[in-house]
file input-v3.cif (mmCIF, C-alpha atoms and all ligand atoms)
data_input
loop_
_atom_site.label_atom_id
_atom_site.label_comp_id
_atom_site.auth_asym_id
_atom_site.auth_seq_id
_atom_site.Cartn_x
_atom_site.Cartn_y
_atom_site.Cartn_z
CA MET E 1 156.80 83.19 140.59
CA GLU E 2 153.77 82.74 142.84
CA LYS E 3 154.73 85.95 144.66
CA TYR E 4 154.79 87.91 141.38
CA SER E 5 151.47 86.40 140.40
CA ILE E 6 149.84 87.58 143.65
CA THR E 7 151.38 91.04 143.21
CA LEU E 8 150.08 91.19 139.65
CA THR E 9 146.61 90.05 140.75
CA LEU E 10 146.54 92.72 143.45
CA ALA E 11 147.69 95.37 140.98
CA ILE E 12 144.98 94.44 138.46
CA CYS E 13 142.38 94.27 141.22
CA GLY E 14 143.48 97.70 142.40
CA LEU E 15 142.46 99.01 139.00
CA LEU E 16 139.37 96.93 138.36
CA CYS E 17 137.98 95.78 141.70
CA GLY E 18 137.96 99.22 143.34
CA ASN E 19 134.44 100.02 142.23
CA ALA E 20 133.04 96.92 143.93
CA PHE E 21 133.65 98.65 147.27
CA ALA E 22 133.08 102.23 146.21
CA LYS E 23 130.13 104.17 147.52
CA VAL E 24 127.50 105.41 145.11
CA SER E 25 128.19 109.10 144.55
CA LEU E 26 125.16 111.41 144.64
CA PHE E 27 124.99 115.07 143.71
CA ALA E 28 121.97 116.70 145.35
CA CYS E 29 120.93 120.21 144.32
CA GLU E 30 119.19 120.99 147.63
CA PRO E 31 119.48 119.89 151.28
CA GLU E 32 116.09 118.10 151.27
CA TRP E 33 117.31 115.69 148.58
CA GLU E 34 120.65 115.24 150.33
CA ALA E 35 118.69 114.25 153.46
CA LEU E 36 116.45 111.86 151.52
CA ALA E 37 119.47 110.25 149.81
CA LYS E 38 121.00 109.59 153.23
CA GLU E 39 117.73 108.07 154.48
CA ILE E 40 117.57 105.60 151.59
CA GLY E 41 121.26 105.11 150.76
CA GLY E 42 122.74 105.02 154.27
CA LYS E 43 126.37 103.97 154.43
CA ASN E 44 126.43 102.91 150.78
CA VAL E 45 126.16 106.41 149.41
CA GLU E 46 128.25 109.55 149.51
CA VAL E 47 126.12 112.67 149.07
CA PHE E 48 127.13 116.20 148.16
CA SER E 49 124.61 119.03 148.36
CA ALA E 50 125.28 121.96 146.06
CA THR E 51 123.30 124.35 148.26
CA HIS E 52 122.49 124.88 151.92
CA ALA E 53 119.30 126.14 153.53
CA LYS E 54 120.38 129.78 153.67
CA GLN E 55 120.81 129.94 149.88
CA ASP E 56 118.05 130.67 147.38
CA PRO E 57 118.09 127.59 145.12
CA HIS E 58 116.88 129.69 142.18
CA HIS E 59 120.03 131.76 142.23
CA ILE E 60 123.21 129.78 142.68
CA ARG E 61 126.54 130.36 140.97
CA ALA E 62 127.76 127.18 139.26
CA ARG E 63 131.10 127.12 141.09
CA PRO E 64 134.05 125.27 139.48
CA SER E 65 134.18 122.92 142.48
CA PHE E 66 130.70 121.68 141.52
CA ILE E 67 132.07 120.41 138.21
CA SER E 68 134.41 117.90 139.81
CA LYS E 69 131.59 116.77 142.12
CA ILE E 70 129.09 116.29 139.32
CA ARG E 71 131.66 114.51 137.11
CA ARG E 72 132.03 111.85 139.78
CA ALA E 73 128.31 111.54 140.38
CA ASP E 74 126.41 108.32 139.67
CA LEU E 75 123.12 110.09 140.36
CA VAL E 76 121.97 113.72 140.35
CA ILE E 77 118.86 114.43 142.42
CA CYS E 78 117.22 117.86 142.22
CA SER E 79 113.80 119.50 142.40
CA GLY E 80 113.60 120.20 138.66
CA ALA E 81 110.66 122.08 137.08
CA GLY E 82 113.04 124.94 136.42
CA LEU E 83 114.16 125.56 140.02
CA GLU E 84 117.80 125.04 139.02
CA ALA E 85 117.42 126.38 135.46
CA GLY E 86 120.06 129.05 136.05
CA TRP E 87 122.87 126.71 137.05
CA LEU E 88 122.25 122.97 136.73
CA PRO E 89 122.22 122.68 132.89
CA ILE E 90 125.74 124.15 132.72
CA LEU E 91 126.96 121.53 135.19
CA ILE E 92 125.14 118.66 133.48
CA GLN E 93 126.92 119.57 130.23
CA LYS E 94 130.21 118.81 131.95
CA ALA E 95 129.00 115.58 133.58
CA SER E 96 129.15 111.96 132.48
CA ALA E 97 126.57 110.06 130.41
CA ARG E 98 125.41 108.44 133.67
CA VAL E 99 123.59 111.60 134.78
CA GLN E 100 122.34 113.08 131.50
CA PRO E 101 118.57 113.70 131.11
CA GLY E 102 116.86 110.37 130.48
CA ALA E 103 119.62 108.35 132.18
CA VAL E 104 119.06 106.32 135.36
CA GLY E 105 121.30 108.80 137.18
CA TYR E 106 119.18 111.88 136.40
CA LEU E 107 116.35 112.24 138.92
CA MET E 108 114.18 115.36 138.99
CA ALA E 109 111.70 115.17 141.87
CA SER E 110 109.13 117.25 140.02
CA ASP E 111 108.82 114.51 137.37
CA PHE E 112 107.23 112.23 139.98
CA VAL E 113 104.77 114.54 141.74
CA ASN E 114 101.75 116.63 140.84
CA ILE E 115 103.03 120.13 140.03
CA LEU E 116 100.97 123.04 141.37
CA GLU E 117 100.53 126.57 139.98
CA VAL E 118 101.26 125.52 136.40
CA PRO E 119 100.64 128.60 134.24
CA THR E 120 97.64 128.18 131.98
CA SER E 121 98.90 130.80 129.56
CA VAL E 122 102.17 132.47 128.67
CA ASP E 123 101.27 135.74 130.38
CA ARG E 124 104.23 135.44 132.77
CA SER E 125 101.91 135.84 135.78
CA MET E 126 103.97 133.13 137.44
CA GLY E 127 107.01 135.38 136.99
CA ASP E 128 110.40 134.62 135.60
CA VAL E 129 111.32 131.82 137.96
CA HIS E 130 108.27 129.51 137.87
CA PRO E 131 107.55 129.15 134.15
CA GLU E 132 106.90 125.38 134.48
CA GLY E 133 104.74 125.67 137.61
CA ASN E 134 105.86 125.74 141.23
CA PRO E 135 109.11 123.77 141.69
CA HIS E 136 109.27 123.83 145.55
CA VAL E 137 107.76 120.33 145.70
CA HIS E 138 109.39 118.92 148.84
CA LEU E 139 107.13 120.64 151.39
CA ASN E 140 104.36 118.08 150.96
CA PRO E 141 105.49 114.88 152.72
CA HIS E 142 103.43 112.75 150.30
CA ASN E 143 105.72 114.07 147.56
CA ILE E 144 108.77 113.06 149.58
CA LEU E 145 107.45 109.48 149.65
CA LEU E 146 106.91 109.45 145.88
CA VAL E 147 110.46 110.64 145.30
CA ALA E 148 111.83 108.18 147.89
CA THR E 149 110.16 105.34 145.98
CA GLU E 150 111.78 106.43 142.72
CA LEU E 151 115.15 107.02 144.38
CA SER E 152 115.24 103.51 145.86
CA GLN E 153 114.49 102.05 142.43
CA ARG E 154 117.29 104.10 140.86
CA LEU E 155 119.76 102.97 143.53
CA ASN E 156 118.74 99.36 142.87
CA LYS E 157 119.70 99.82 139.22
CA ILE E 158 122.91 101.76 139.84
CA ASP E 159 124.18 99.48 142.62
CA ALA E 160 122.49 96.14 141.89
CA GLY E 161 124.76 94.26 144.30
CA ASN E 162 123.05 96.01 147.22
CA ILE E 163 119.37 95.71 146.26
CA ASP E 164 118.41 94.09 149.56
CA PHE E 165 120.15 96.84 151.50
CA TYR E 166 118.32 99.65 149.68
CA ASN E 167 114.96 97.87 149.77
CA GLU E 168 115.20 97.31 153.50
CA ARG E 169 116.13 100.93 154.16
CA PHE E 170 113.34 102.15 151.90
CA GLN E 171 110.77 99.92 153.64
CA LYS E 172 111.85 101.17 157.07
CA PHE E 173 111.82 104.81 155.95
CA SER E 174 108.47 104.41 154.25
CA PHE E 175 106.91 102.84 157.37
CA ARG E 176 108.20 105.60 159.67
CA TRP E 177 107.32 108.33 157.18
CA LYS E 178 103.71 107.16 156.74
CA GLN E 179 103.28 107.05 160.52
CA ALA E 180 104.73 110.56 160.76
CA ILE E 181 102.31 111.84 158.10
CA VAL E 182 99.34 110.54 160.11
CA GLN E 183 100.68 112.32 163.18
CA TRP E 184 101.39 115.59 161.32
CA GLU E 185 97.96 115.62 159.72
CA SER E 186 96.38 115.08 163.12
CA ASP E 187 98.54 117.75 164.81
CA ALA E 188 97.84 120.28 162.06
CA ALA E 189 94.11 119.64 161.68
CA SER E 190 93.31 122.85 163.57
CA LEU E 191 95.29 124.87 161.00
CA GLY E 192 92.83 124.14 158.20
CA GLY E 193 91.71 127.35 156.52
CA THR E 194 94.41 129.51 158.17
CA PRO E 195 94.98 132.52 155.89
CA VAL E 196 98.67 133.21 155.17
CA ILE E 197 100.86 135.54 153.17
CA VAL E 198 104.19 134.28 151.83
CA HIS E 199 107.31 136.19 150.82
CA HIS E 200 108.05 134.02 147.76
CA LYS E 201 105.74 131.22 146.65
CA SER E 202 108.03 128.63 148.25
CA PHE E 203 105.37 127.10 150.46
CA ILE E 204 102.46 126.22 148.18
CA TYR E 205 102.92 122.45 148.70
CA LEU E 206 102.84 122.88 152.49
CA ILE E 207 99.89 125.27 152.20
CA SER E 208 97.98 122.91 149.94
CA TRP E 209 98.75 119.83 152.07
CA LEU E 210 97.61 121.49 155.32
CA ASN E 211 94.63 123.23 153.66
CA LEU E 212 95.92 126.69 154.55
CA SER E 213 94.80 129.59 152.40
CA GLN E 214 97.46 131.58 150.50
CA LYS E 215 96.20 135.16 150.42
CA GLY E 216 99.11 136.77 148.66
CA SER E 217 102.85 137.09 148.36
CA LEU E 218 105.23 139.91 149.21
CA GLU E 219 106.84 139.48 145.81
CA PRO E 220 104.58 141.01 143.16
CA ARG E 221 105.49 138.02 140.95
CA PRO E 222 107.74 135.04 141.78
CA GLY E 223 111.35 136.16 141.60
CA ILE E 224 110.53 139.90 141.57
CA PRO E 225 111.53 141.48 144.94
CA PRO E 226 108.81 143.22 146.99
CA THR E 227 108.09 146.78 145.88
CA VAL E 228 106.75 149.63 148.01
CA SER E 229 103.58 149.95 145.92
CA HIS E 230 102.86 146.21 146.10
CA LEU E 231 103.36 146.16 149.87
CA GLU E 232 101.10 149.18 150.31
CA ASP E 233 98.40 147.44 148.24
CA LEU E 234 98.70 144.38 150.50
CA LEU E 235 98.50 146.56 153.62
CA LYS E 236 95.39 148.30 152.26
CA LYS E 237 93.67 144.95 151.68
CA LEU E 238 94.58 143.79 155.18
CA LYS E 239 93.25 147.01 156.71
CA GLN E 240 90.04 146.61 154.74
CA GLY E 241 89.44 143.47 156.75
CA ASP E 242 90.82 140.60 154.68
CA PRO E 243 92.39 138.78 157.64
CA VAL E 244 95.72 136.93 157.60
CA ASP E 245 97.24 134.97 160.49
CA VAL E 246 100.86 134.42 159.41
CA ILE E 247 103.47 135.99 157.13
CA MET E 248 105.87 133.22 156.06
CA ARG E 249 109.35 133.49 154.64
CA ALA E 250 112.25 131.13 153.94
CA PRO E 251 115.66 131.56 155.63
CA TYR E 252 117.09 132.94 152.38
CA ASP E 253 114.35 135.56 151.91
CA SER E 254 115.13 139.07 153.12
CA ALA E 255 113.31 139.74 156.41
CA GLU E 256 112.72 143.42 155.64
CA ALA E 257 109.37 143.25 153.83
CA SER E 258 107.73 140.70 156.13
CA GLU E 259 108.92 142.51 159.26
CA TRP E 260 107.58 145.81 157.89
CA LEU E 261 104.17 144.30 157.17
CA SER E 262 104.17 142.63 160.57
CA ARG E 263 104.87 145.97 162.31
CA GLN E 264 102.05 147.66 160.41
CA THR E 265 99.49 144.96 161.15
CA GLY E 266 100.52 142.93 164.20
CA ILE E 267 100.44 139.74 162.11
CA PRO E 268 103.34 137.46 163.15
CA ALA E 269 106.16 137.24 160.59
CA VAL E 270 107.68 133.77 160.77
CA MET E 271 110.91 132.48 159.32
CA MET E 272 110.04 128.92 158.40
CA PRO E 273 112.90 126.40 158.11
CA TYR E 274 111.85 125.64 154.49
CA THR E 275 114.40 122.82 154.24
CA VAL E 276 116.72 120.68 156.33
CA GLY E 277 119.15 122.98 158.14
CA GLY E 278 116.86 126.00 157.83
CA ASP E 279 116.99 126.41 161.60
CA SER E 280 118.71 124.60 164.44
CA GLU E 281 115.70 122.32 165.10
CA SER E 282 115.26 121.12 161.50
CA LYS E 283 118.04 118.55 161.41
CA ASP E 284 116.43 115.99 159.10
CA LEU E 285 113.27 115.55 157.04
CA PHE E 286 111.22 114.40 160.03
CA SER E 287 112.14 117.37 162.21
CA LEU E 288 111.67 119.75 159.24
CA PHE E 289 107.95 118.93 159.16
CA ASP E 290 107.66 118.75 162.97
CA ARG E 291 109.13 122.22 163.22
CA SER E 292 107.12 123.71 160.34
CA ILE E 293 103.84 122.63 161.94
CA THR E 294 104.92 123.82 165.40
CA LEU E 295 105.79 127.29 164.06
CA LEU E 296 102.53 127.63 162.16
CA LYS E 297 100.50 126.59 165.19
CA GLN E 298 102.37 129.03 167.44
CA ALA E 299 101.79 131.90 164.99
CA ALA E 300 98.14 131.05 164.38
CA SER E 301 97.40 130.85 168.10
CA ALA E 302 99.28 134.10 168.81
CA ILE E 303 96.87 136.11 166.66
CA LYS E 304 93.65 134.64 168.07
ZN ZN E 401 110.47 129.69 143.53
#
call {"tool": "encode", "arguments": {"input": "input-v3.cif", "output": "structure tokens"}}
result
Amino acid sequence: MEKYSITLTLAICGLLCGNAFAKVSLFACEPEWEALAKEIGGKNVEVFSATHAKQDPHHIRARPSFISKIRRADLVICSGAGLEAGWLPILIQKASARVQPGAVGYLMASDFVNILEVPTSVDRSMGDVHPEGNPHVHLNPHNILLVATELSQRLNKIDAGNIDFYNERFQKFSFRWKQAIVQWESDAASLGGTPVIVHHKSFIYLISWLNLSQKGSLEPRPGIPPTVSHLEDLLKKLKQGDPVDVIMRAPYDSAEASEWLSRQTGIPAVMMPYTVGGDSESKDLFSLFDRSITLLKQAASAIK
């Protein structure tokens, strides 16, 4: 009788106690949020990133395999502000109540930072892909800290049994991150005022943080590929003496336009990592910023 009772207890526990040991399941839209989730969640979370660094996060196909991932998710963490407008809403429709807008499990980074380049009118000057302002918020490390703070609070609510674990990891990350920011700001002080051209407006948070000066973009409007006439206009301005030190692009931007402009002008064209995994050096959030500053300094010193 006792034997049956133990068997029954184990069987019931198999059904009901499983979640006590299960990891919190996170669905990240981009690699930067996957990396942040691992920093804060450590061994208690299982993170899936829907995209990698070589993919343009504006244009992703909502693959069927994403549906099973998002259905399991306890928390969805994305940039928001329209970056994933073409694919995330379809997935969220198929997901559980835990990750619907307004739920604890729905975290859009852009809701917790100051959004730049918000259009002041509906003239579409910000193009088709940035109607709510610039959604590429992760390239200012102060924004990363704001999102990390919110993420740790969400994990505390979702997995209340491990509050101490998440708080300790957040405190350690926060301490290291603030030290790193001081170092980056010191290392990059000489970059202040550096004039740059970008392929797509993916870098405005980095540009604003480091006090660089964005002089133009190879896309005539965000999301509209470079045209010959737009590139010739840019070249004319550069030849008329409006100097630029660096042409920046993300790993998923076509190299063609920036390499062409570089050949015409001698201005270095640089593929920035943009996110974690964007090049072999950018393995986590810390090295992403290390590498970004190193590349900018190399390019700026090459032209002087
Ligand atoms: Zn964009």
call {"tool": "residues_near_ligand", "arguments": {"input": "input-v3.cif", "ligand": "ligand ZN 401 (chain E)", "cutoff": "12 Å", "atoms": "all atoms listed in the file", "output": "PyMOL selection string"}}
result
chain E and resi 56-59+79-85+116-117+126-137+198-205+217+219+221-225+249-250+252-253+274
call {"tool": "residues_around", "arguments": {"input": "input-v3.cif", "residues": "stretch 72-77 of chain E", "least_positions_apart": "4", "cutoff": "7 Å", "atoms": "all atoms listed in the file", "output": "list in words"}}
result
Val24, Ser25, Leu26, Phe27, Ala28, Cys29, Trp33, Ser68, Arg98, Val99, Gly105, Tyr106, Leu107 and Met108 of chain E
call {"tool": "residues_around", "arguments": {"input": "input-v3.cif", "residues": "stretch 284-295 of chain E", "least_positions_apart": "3", "cutoff": "10 Å", "atoms": "all atoms listed in the file", "output": "ChimeraX atom specification"}}
result
/E:31-36,38-39,138-141,144,176-177,180-181,183-185,187-188,191,206,210,246,248,270-281,298-301
call {"tool": "atom_distance", "arguments": {"input": "input-v3.cif", "atom1": "atom CA of E:Phe66", "atom2": "atom CA of E:Gln153"}}
result
25.5 Å
call {"tool": "atom_distance", "arguments": {"input": "input-v3.cif", "atom1": "atom CA of E:Glu259", "atom2": "atom CA of E:Glu30"}}
result
26.5 Å
call {"tool": "residues_around", "arguments": {"input": "input-v3.cif", "residues": "E:Val196", "least_positions_apart": "6", "cutoff": "8 Å", "atoms": "all atoms listed in the file", "output": "list in words"}}
result
Leu212, Ser213, Gln214, Lys215, Gly216, Val244, Asp245, Val246, Ile247 and Met248 of chain E
call {"tool": "residues_around", "arguments": {"input": "input-v3.cif", "residues": "E:His230", "least_positions_apart": "4", "cutoff": "8 Å", "atoms": "all atoms listed in the file", "output": "PDB file with C-alpha atoms, in the frame of the given file"}}
result
ATOM      1  CA  LEU E 218     105.230 139.910 149.210  1.00  0.00           C
ATOM      2  CA  GLU E 219     106.840 139.480 145.810  1.00  0.00           C
ATOM      3  CA  PRO E 220     104.580 141.010 143.160  1.00  0.00           C
ATOM      4  CA  PRO E 226     108.810 143.220 146.990  1.00  0.00           C
ATOM      5  CA  LEU E 234      98.700 144.380 150.500  1.00  0.00           C
TER       6      LEU E 234
END
call {"tool": "atom_distance", "arguments": {"input": "input-v3.cif", "atom1": "atom CA of E:Val147", "atom2": "atom CA of E:Ser110"}}
result
8.6 Å
call {"tool": "residues_around", "arguments": {"input": "input-v3.cif", "residues": "E:Ile92", "least_positions_apart": "3", "cutoff": "9 Å", "atoms": "all atoms listed in the file", "output": "MDAnalysis selection string"}}
result
chainID E and resid 67 70:71 88:89 95:96 99:101
call {"tool": "closest_residue", "arguments": {"input": "input-v3.cif", "among": "E:Gln93, E:Ser186, E:Asn143, E:Gln171", "to": "E:Asn114", "atoms": "all atoms listed in the file"}}
result
E:Asn143
call {"tool": "residues_near_point", "arguments": {"input": "input-v3.cif", "point": "(124.6, 101.6, 136.3)", "cutoff": "9 Å", "atoms": "only C-alpha atoms", "output": "PyMOL selection string"}}
result
chain E and resi 74+98+104-105+154-155+157-160
call {"tool": "closest_residue", "arguments": {"input": "input-v3.cif", "among": "E:Asn162, E:Asn211, E:Ser229, E:Ser258", "to": "E:Ile197", "atoms": "only C-alpha atoms"}}
result
E:Ser258
call {"tool": "closest_residue", "arguments": {"input": "input-v3.cif", "among": "E:Ser49, E:Gln240, E:Ser262, E:Ser174", "to": "E:Thr149", "atoms": "all atoms listed in the file"}}
result
E:Ser174
call {"tool": "closest_residue", "arguments": {"input": "input-v3.cif", "among": "E:Lys23, E:Lys236, E:Lys54, E:Lys297", "to": "E:Gly192", "atoms": "only C-alpha atoms"}}
result
E:Lys297
